[in-house]
Amino acid sequence: MMLSRPARALAVTLFAALLAALVPAGAAHAESRTVNGGRLDWGIKSSFQSYVTGPIAQGSWGLTGGAATIGGSQFRFHSAQGTYDPATGAFEAAFSGGVHFTGHRKADGTNELDLTISRPRIRIQGGSGTLYADMASKAKGSGRVTTSSQVPLATLGLGGIDMRGGGSPVSLAGVPATLTPQGASAFAGYYPAGTALDPVSLSVDVRTPRQQAPTNPPTTTAPSDPTTRPSTSPSPKASSSKAPSRTGSLRAAAVDWGVRRTFREYVTGAISQGRWTLADGAQDGGALFRFTNGKGTYDPKKGTLDAAFAGSVRFTGAHLDLTLGKVAVKVTGGTGTLSADVTSAGKTDRAVPLVTFAARDFTPKNGLAAVTEAPATLTEGGAKAFGGMYKAGTAMDPVSLAVTVDAEAALPALPDLGSEAAQTATPSAPAAPAATASAAAAPAAASAESPSSSTGTYLAIAAGVLLVAALAVLGAVRRRRTGRTPTV
């Protein structure tokens, strides 16, 4: 039956309202978000690590570009940068840091095995994912060195993962990775295409263009993860003078020290199953800890320093509870000594000298006096602090020290590990990894900022509008037929 003009107008209006309800404004043109900070944890291939350091290759591996380790066999890459579209699930993030493997040392001092993997990048689109990386490798036999940028190294098994509607951080855990033909070639032929690599996990911060840069959260760690997001480097105190400071109080100063890589791996590994916790202003850079807010005196002419720093780190695990706090550094005569209060077994020893390091050139350049990754040696006091785990003279992680003497100078930045993942789900099967709530399909309590997170609400509204429209049209037709207003 043909409707009257008012009835048709009403029907059109309500139908438009129905479409508006079904397609929210945010979903029509969702803002792409910026990936800004975060980490990628990947062991590459654990058996390859064992082969490199085992009795056949008799080699080793080293970290480059601020990469770190987590647990006993994973490498941590940092400072994610990229984009994320919550409407489509398209995701891309590039990370910093690398790993250099060497082995099969020859008589001439060169290595037959020489492989570097760096700057990994994850790209996800249309349900498919790929891990890219810069590769430098020496071919077996010929020794020919090949360097390639952003090789598609591995495909990612994303079955069961819906990347749409994620908040911040966006995180994935235990995603299967498979070596590609291009990756097999860049891997110097050690493995054929199709070989299963170690699973990939990541957590990155995302923000819309309208959001301001996030403020730095307190530096404490969650029990499930032994690292936390580092704050950005503190700016030097404001001053109207640009002249270098004279002997006296410091403008800004920080000391970076990772204690010892193998000790961190022991703490978080299968034996200790522990973690570390930062407090009192300490910051975590993945491969190192930063102790901040240096107070004391510095002589730029002599290159001498006597300063105390804020922050503490506590290592806990099976049969382990060790805290290093109130870190202090003295530099004189080209040698530095790092000391700390050491608390273990309920007892605290004050100002224990832990390591010594070379600081021969500690005079300002462009407003910054710095010692970068100076080799450090464990002292007798340090050996006692670690309960005899290491002997005096053992090489510990290098020490970096920075002091600003100009109001425009800034301390070196730390790697950005991003925020902690809210909740990491374990994959139910190798072929079906799970994402955290921030990257899973539309959680019920998701923010309205995520277009797909309110699907149920919009469908309910649409159903209500459709019902109202049907009743209104039916009422208009009845009134047209009878000329009477129905009773309510």
# chains A, B, ... in the order shown; residues from 1 in each chain; ligands from 1

$ closest_atom_pairs --of "segment 317-381 of chain A" --to "segment 390-407 of chain A" --cutoff "12 Å" --atoms "only C-alpha atoms" --output "JSON lines"
{"residue": "A:Ala328", "atom": "CA", "partner": "A:Leu401", "partner_atom": "CA", "distance": 11.2}
{"residue": "A:Val329", "atom": "CA", "partner": "A:Leu401", "partner_atom": "CA", "distance": 8.9}
{"residue": "A:Lys330", "atom": "CA", "partner": "A:Leu401", "partner_atom": "CA", "distance": 10.7}
{"residue": "A:Val331", "atom": "CA", "partner": "A:Leu401", "partner_atom": "CA", "distance": 10.1}
{"residue": "A:Thr335", "atom": "CA", "partner": "A:Val399", "partner_atom": "CA", "distance": 11.8}
{"residue": "A:Gly336", "atom": "CA", "partner": "A:Val399", "partner_atom": "CA", "distance": 9.3}
{"residue": "A:Thr337", "atom": "CA", "partner": "A:Val399", "partner_atom": "CA", "distance": 9.8}
{"residue": "A:Leu338", "atom": "CA", "partner": "A:Val399", "partner_atom": "CA", "distance": 8.7}
{"residue": "A:Ser339", "atom": "CA", "partner": "A:Val399", "partner_atom": "CA", "distance": 12.0}
{"residue": "A:Pro353", "atom": "CA", "partner": "A:Ala392", "partner_atom": "CA", "distance": 11.6}
{"residue": "A:Leu354", "atom": "CA", "partner": "A:Ala392", "partner_atom": "CA", "distance": 9.6}
{"residue": "A:Val355", "atom": "CA", "partner": "A:Met396", "partner_atom": "CA", "distance": 7.7}
{"residue": "A:Thr356", "atom": "CA", "partner": "A:Val399", "partner_atom": "CA", "distance": 9.0}
{"residue": "A:Phe357", "atom": "CA", "partner": "A:Val399", "partner_atom": "CA", "distance": 7.1}
{"residue": "A:Ala358", "atom": "CA", "partner": "A:Val399", "partner_atom": "CA", "distance": 9.1}
{"residue": "A:Ala359", "atom": "CA", "partner": "A:Leu401", "partner_atom": "CA", "distance": 9.1}
{"residue": "A:Asp361", "atom": "CA", "partner": "A:Leu401", "partner_atom": "CA", "distance": 11.5}
{"residue": "A:Phe362", "atom": "CA", "partner": "A:Ala402", "partner_atom": "CA", "distance": 9.0}
{"residue": "A:Thr363", "atom": "CA", "partner": "A:Val403", "partner_atom": "CA", "distance": 9.5}
{"residue": "A:Pro364", "atom": "CA", "partner": "A:Val405", "partner_atom": "CA", "distance": 7.2}
{"residue": "A:Lys365", "atom": "CA", "partner": "A:Val405", "partner_atom": "CA", "distance": 9.2}
{"residue": "A:Asn366", "atom": "CA", "partner": "A:Asp406", "partner_atom": "CA", "distance": 8.0}
{"residue": "A:Gly367", "atom": "CA", "partner": "A:Asp406", "partner_atom": "CA", "distance": 4.6}
{"residue": "A:Leu368", "atom": "CA", "partner": "A:Thr404", "partner_atom": "CA", "distance": 4.6}
{"residue": "A:Ala369", "atom": "CA", "partner": "A:Val403", "partner_atom": "CA", "distance": 5.2}
{"residue": "A:Ala370", "atom": "CA", "partner": "A:Ala402", "partner_atom": "CA", "distance": 4.3}
{"residue": "A:Val371", "atom": "CA", "partner": "A:Leu401", "partner_atom": "CA", "distance": 5.0}
{"residue": "A:Thr372", "atom": "CA", "partner": "A:Ser400", "partner_atom": "CA", "distance": 4.5}
{"residue": "A:Glu373", "atom": "CA", "partner": "A:Pro398", "partner_atom": "CA", "distance": 4.8}
{"residue": "A:Ala374", "atom": "CA", "partner": "A:Pro398", "partner_atom": "CA", "distance": 5.0}
{"residue": "A:Pro375", "atom": "CA", "partner": "A:Pro398", "partner_atom": "CA", "distance": 4.5}
{"residue": "A:Ala376", "atom": "CA", "partner": "A:Pro398", "partner_atom": "CA", "distance": 5.1}
{"residue": "A:Thr377", "atom": "CA", "partner": "A:Ala395", "partner_atom": "CA", "distance": 4.8}
{"residue": "A:Leu378", "atom": "CA", "partner": "A:Gly393", "partner_atom": "CA", "distance": 5.0}
{"residue": "A:Thr379", "atom": "CA", "partner": "A:Ala392", "partner_atom": "CA", "distance": 5.0}
{"residue": "A:Glu380", "atom": "CA", "partner": "A:Ala392", "partner_atom": "CA", "distance": 5.0}
{"residue": "A:Gly381", "atom": "CA", "partner": "A:Ala392", "partner_atom": "CA", "distance": 8.0}

$ residues_around --residues "segment 178-193 of chain A" --least-positions-apart "3" --cutoff "12 Å" --atoms "only C-alpha atoms" --output "compact mmCIF listing (two decimals) with C-alpha atoms, in the first residue's frame"
# COMPACT_ATOMS: atom_id res chain seq x y z
CA ILE A 44 65.18 -15.38 16.97
CA LYS A 45 65.85 -19.12 17.30
CA SER A 47 68.58 -23.62 19.10
CA PHE A 48 70.69 -21.29 16.94
CA TYR A 51 74.65 -23.81 18.41
CA VAL A 52 76.59 -20.53 18.24
CA PHE A 101 76.40 -13.68 16.20
CA GLU A 112 83.17 -18.25 9.31
CA LEU A 113 79.85 -17.57 11.02
CA ASP A 114 79.10 -13.87 11.16
CA LEU A 115 75.46 -12.78 11.27
CA THR A 116 73.79 -9.56 12.45
CA ILE A 117 70.03 -9.11 12.79
CA GLY A 129 51.77 -10.44 9.48
CA THR A 130 55.45 -10.21 8.55
CA LEU A 131 58.60 -9.55 10.56
CA TYR A 132 61.25 -7.59 8.66
CA ALA A 133 64.84 -6.92 9.75
CA ASP A 134 68.17 -5.55 8.55
CA MET A 135 70.48 -8.50 7.86
CA ALA A 136 74.25 -8.77 7.44
CA SER A 137 75.58 -12.29 6.96
CA LYS A 138 78.58 -14.25 5.72
CA ALA A 139 77.67 -17.18 3.49
CA LYS A 140 78.86 -20.64 4.49
CA GLY A 141 81.72 -21.87 2.33
CA SER A 142 82.24 -18.84 0.09
CA GLY A 143 82.49 -16.33 2.92
CA ARG A 144 80.68 -13.77 0.79
CA VAL A 145 79.19 -11.01 2.95
CA THR A 146 75.68 -9.81 2.12
CA THR A 147 74.00 -6.80 3.68
CA SER A 148 70.28 -6.25 3.13
CA SER A 149 67.83 -3.73 4.52
CA GLN A 150 64.43 -4.76 5.87
CA VAL A 151 64.38 -8.34 4.64
CA PRO A 152 60.98 -10.08 5.07
CA LEU A 153 62.50 -12.52 7.55
CA ALA A 154 59.49 -14.34 8.99
CA THR A 155 55.75 -14.72 8.50
CA LEU A 156 53.60 -14.45 11.62
CA GLY A 157 50.81 -16.87 12.50
CA LEU A 158 47.91 -14.59 13.39
CA VAL A 175 52.90 -15.30 17.99
CA ALA A 196 59.88 -22.50 12.81
CA LEU A 197 61.60 -19.59 14.55
CA ASP A 198 61.01 -18.49 18.14
CA PRO A 199 57.59 -16.93 18.84
CA VAL A 200 57.27 -13.14 18.91
CA PRO A 430 50.89 -22.84 18.47
CA ALA A 431 48.65 -22.03 15.50

$ atom_distance --atom1 "atom CA of Arg121 of chain A" --atom2 "atom CA of Gly98 of chain A"
11.7 Å

$ atom_distance --atom1 "atom CA of Arg164 of chain A" --atom2 "atom CA of Leu417 of chain A"
22.9 Å

$ closest_residue --among "A:Glu265, A:Glu92, A:Glu408, A:Glu420" --to "Arg251 of chain A" --atoms "only C-alpha atoms"
A:Glu408

$ closest_residue --among "A:Thr343, A:Thr304, A:Thr323, A:Ser272" --to "Gly71 of chain A" --atoms "only C-alpha atoms"
A:Ser272

$ closest_residue --among "A:Leu288, A:Met163, A:Val99, A:Ala80" --to "Gly65 of chain A" --atoms "only C-alpha atoms"
A:Val99

$ atom_distance --atom1 "atom CA of Ser128 of chain A" --atom2 "atom CA of Gly194 of chain A"
16.0 Å

$ closest_residue --among "A:Gly160, A:Pro412, A:Gly294, A:Gly346" --to "Ala308 of chain A" --atoms "only C-alpha atoms"
A:Gly294
